[in-house]
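Enquirer: Got a structure for you, questions after.
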Amino acid sequence: MKYKSVFDIIGPVMIGPSSSHTAGAARIGRVARSLFGREPKWAHISFYGSFAETYKGHGTDVATVGGILDFDTFDERIIHSIEIAKSRGMELSFIEEEAIPFHPNTAKIILGDDDGELELVGISIGGGKIEIIELNGFELKLSGHHPALLVVHNDRFGTIANVSNILAKYEINIGHMEVSRKEKGKLALMTIEVDQNIEESVILEIEKLPNIIKVAKIVE
């Protein structure tokens with residue numbers, strides 16, 4: 001992969017010891033929290049590959065839970081995140097998976113409460129950088145380092161163009177966009193990374209479009 005600056009190589013300001021195993025894990029957890037939209041009542045966290053082998057010693061577990069609590073990578077509360085989560089009534093479980101993952105630093109997070117669940121798979125690719133590769137069964141590629149929209153919609157002609165036209169109307173530049181669907185003509189997921197934060201009024205306008213089911217926003 002390419003790095004834009006020396007800071008990408010050194011990694012972000014963070015609670016140690018490893019940018020891949022702590023900062024990356026915290027960011028995966030925080031994206032899950034952002035998409036879930038609220039603090040969950042429970043979280044099932046599965047670690048694969050290197051994460052599964054070293055998560056206790058490297059603090060991957062506390063970092064992931066810190067992200068789920070919406071703590072940033074440099075937040076000193078991350079060290080005590082498991083205790084904090086339990087004090088808030090959150091039920092936690094950690095699972096060491098034996099399956100061989102696509103990437104050695106892989107985590108699957110399932111968050112839930114009485115109103116719903118969310119399942120997300122993320123990988124930590126080094127220097128604190130991450131990719132979200134699966135959301136509720138949809139394949140995607142989301143860096144988590146840029147503002148983004150995730151749009152669940154019916155797989156119908158013109159839906160993608162309608163969303164793009166609204167973003168263009170507000171002069172919002174698209175940096176990366178892809179569409180995933182489980183089956184032709186059924187549900188689909190648009191993943192749109194943009195260059196600036198998106199106002200709630202734009203979200204509301206997109207939600208009113210035909211065939212749009214749900215819109216979630218990730219802020220930088």
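So you can find residues: chains in the structure tokens are A, B, ... in the order shown, residues in each start at 1, and ligands are numbered from 1 in order.
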Could you pull out all residues of stretch 16-215 of chain A with a DSSP call of alpha helix (DSSP H) and give them as JSON, numbers by chain?

Expert: {"A": [24, 25, 26, 27, 28, 29, 30, 31, 32, 33, 34, 35, 36, 49, 50, 51, 52, 53, 54, 55, 56, 57, 58, 60, 61, 62, 63, 64, 65, 66, 67, 68, 81, 82, 83, 84, 85, 86, 87, 159, 160, 161, 162, 163, 164, 165, 166, 167, 168, 169, 200, 201, 202, 203, 204, 205, 206, 207]}

Enquirer: Report as an MDAnalysis selection string all protein, DNA and RNA residues lying within 8 Å of stretch 107-120 of chain A, evaluated on only C-alpha atoms, omitting residues in the same chain fewer than 4 positions from it.

Expert: chainID A and resid 25 28:29 32 36 40:48 51 132:137

Enquirer: Between atom CA of A:Glu39 and atom CA of A:Val152, what is the spacing in Å?

Expert: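 These atoms are spaced 21.4 Å apart.
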
Enquirer: Show which residues sit within 10 Å of A:Val65, as a list in words. Count only C-alpha atoms, and ignore same-chain residues fewer than 5 positions away.

Expert: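 Listing them by chain and then by number gives Ala25, Ala26, Ile28, Gly29, Arg30, Arg33, Ala43, Ile45, Thr60, Asp70, Phe71, Ile78, Ile79, His80, Ser81, Ile82, Glu83, Ile84, Ala85, Leu92 and Ile109 of chain A.
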
Enquirer: Take the residues from that selection and put them in a file with N, CA and C atoms, as an mmCIF file, in the first residue's frame.

Expert:
data_model
loop_
_atom_site.group_PDB
_atom_site.id
_atom_site.type_symbol
_atom_site.label_atom_id
_atom_site.label_comp_id
_atom_site.auth_asym_id
_atom_site.auth_seq_id
_atom_site.Cartn_x
_atom_site.Cartn_y
_atom_site.Cartn_z
ATOM 1 N N ALA A 25 -7.744 -1.510 15.872
ATOM 2 C CA ALA A 25 -8.883 -2.167 16.521
ATOM 3 C C ALA A 25 -9.867 -1.150 17.078
ATOM 4 N N ALA A 26 -9.352 -0.080 17.680
ATOM 5 C CA ALA A 26 -10.233 0.963 18.213
ATOM 6 C C ALA A 26 -11.048 1.611 17.098
ATOM 7 N N ILE A 28 -11.927 0.225 14.225
ATOM 8 C CA ILE A 28 -12.952 -0.722 13.779
ATOM 9 C C ILE A 28 -14.143 -0.673 14.724
ATOM 10 N N GLY A 29 -13.862 -0.697 16.025
ATOM 11 C CA GLY A 29 -14.940 -0.623 17.009
ATOM 12 C C GLY A 29 -15.724 0.665 16.913
ATOM 13 N N ARG A 30 -15.028 1.767 16.636
ATOM 14 C CA ARG A 30 -15.710 3.062 16.577
ATOM 15 C C ARG A 30 -16.587 3.187 15.339
ATOM 16 N N ARG A 33 -19.714 1.348 16.157
ATOM 17 C CA ARG A 33 -20.558 2.175 17.024
ATOM 18 C C ARG A 33 -21.247 3.276 16.216
ATOM 19 N N ALA A 43 -22.116 -6.740 23.100
ATOM 20 C CA ALA A 43 -21.192 -6.799 21.966
ATOM 21 C C ALA A 43 -20.487 -8.147 21.973
ATOM 22 N N ILE A 45 -17.485 -10.012 20.147
ATOM 23 C CA ILE A 45 -16.305 -9.635 19.374
ATOM 24 C C ILE A 45 -15.493 -10.888 19.070
ATOM 25 N N THR A 60 -5.812 -5.551 22.190
ATOM 26 C CA THR A 60 -6.795 -5.442 21.109
ATOM 27 C C THR A 60 -8.224 -5.478 21.649
ATOM 28 N N ASP A 70 -17.062 4.697 21.740
ATOM 29 C CA ASP A 70 -16.866 5.963 21.018
ATOM 30 C C ASP A 70 -15.656 6.731 21.533
ATOM 31 N N PHE A 71 -14.654 6.024 22.078
ATOM 32 C CA PHE A 71 -13.409 6.654 22.480
ATOM 33 C C PHE A 71 -12.480 6.738 21.275
ATOM 34 N N ILE A 78 -9.394 4.307 27.171
ATOM 35 C CA ILE A 78 -9.348 3.018 26.470
ATOM 36 C C ILE A 78 -8.754 1.929 27.364
ATOM 37 N N ILE A 79 -7.771 2.288 28.161
ATOM 38 C CA ILE A 79 -7.115 1.307 29.030
ATOM 39 C C ILE A 79 -8.130 0.622 29.946
ATOM 40 N N HIS A 80 -9.150 1.358 30.343
ATOM 41 C CA HIS A 80 -10.149 0.836 31.281
ATOM 42 C C HIS A 80 -11.495 0.587 30.599
ATOM 43 N N SER A 81 -11.480 0.452 29.279
ATOM 44 C CA SER A 81 -12.740 0.419 28.525
ATOM 45 C C SER A 81 -13.629 -0.766 28.896
ATOM 46 N N ILE A 82 -13.039 -1.926 29.149
ATOM 47 C CA ILE A 82 -13.857 -3.102 29.483
ATOM 48 C C ILE A 82 -14.584 -2.873 30.802
ATOM 49 N N GLU A 83 -13.874 -2.341 31.789
ATOM 50 C CA GLU A 83 -14.511 -2.044 33.071
ATOM 51 C C GLU A 83 -15.594 -0.986 32.919
ATOM 52 N N ILE A 84 -15.311 0.033 32.094
ATOM 53 C CA ILE A 84 -16.287 1.101 31.873
ATOM 54 C C ILE A 84 -17.542 0.544 31.203
ATOM 55 N N ALA A 85 -17.340 -0.293 30.174
ATOM 56 C CA ALA A 85 -18.482 -0.879 29.462
ATOM 57 C C ALA A 85 -19.342 -1.705 30.403
ATOM 58 N N LEU A 92 -20.287 -8.226 27.347
ATOM 59 C CA LEU A 92 -19.211 -8.416 26.378
ATOM 60 C C LEU A 92 -18.826 -9.884 26.285
ATOM 61 N N ILE A 109 -17.471 -7.820 14.685
ATOM 62 C CA ILE A 109 -18.174 -7.227 15.815
ATOM 63 C C ILE A 109 -19.672 -7.330 15.570
#

Enquirer: Which polymer residues have any atom within 12 Å of an atom of A:Val163, counting only C-alpha atoms, with same-chain residues fewer than 3 positions away left out, as a ChimeraX atom specification?

Expert: /A:149-153,157-160,166-170,172,174,177,190-192,202-212,215

Enquirer: With DSSP run on the backbone, what are the strand (DSSP E or B) residues within stretch 133-220 of chain A? I'd like them as a PyMOL selection string.

Expert: chain A and resi 133-135+138-142+148-154+174-181+187-194+212-218

Enquirer: Go through A:Asn162, A:Glu139, A:Ser201, A:Ala63 one by one, measure the shortest atom-to-atom distance of each to A:Val179 using only C-alpha atoms, and give the residue with the smallest value.

Expert: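 Under the stated criterion, the closest residue is A:Glu139.
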
Enquirer: Nearest to A:Asn197: which of A:Ala161, A:Ala148, A:Ile213, A:Ile130 is it, counting only C-alpha atoms?

Expert: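 Counting only C-alpha atoms, the residue closest to A:Asn197 is A:Ala148.
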
Enquirer: Rank nothing, just name the residue among A:Val31, A:Val194, A:Leu189, A:Ala216 nearest to A:Glu131, using only C-alpha atoms.

Expert: A:Val31
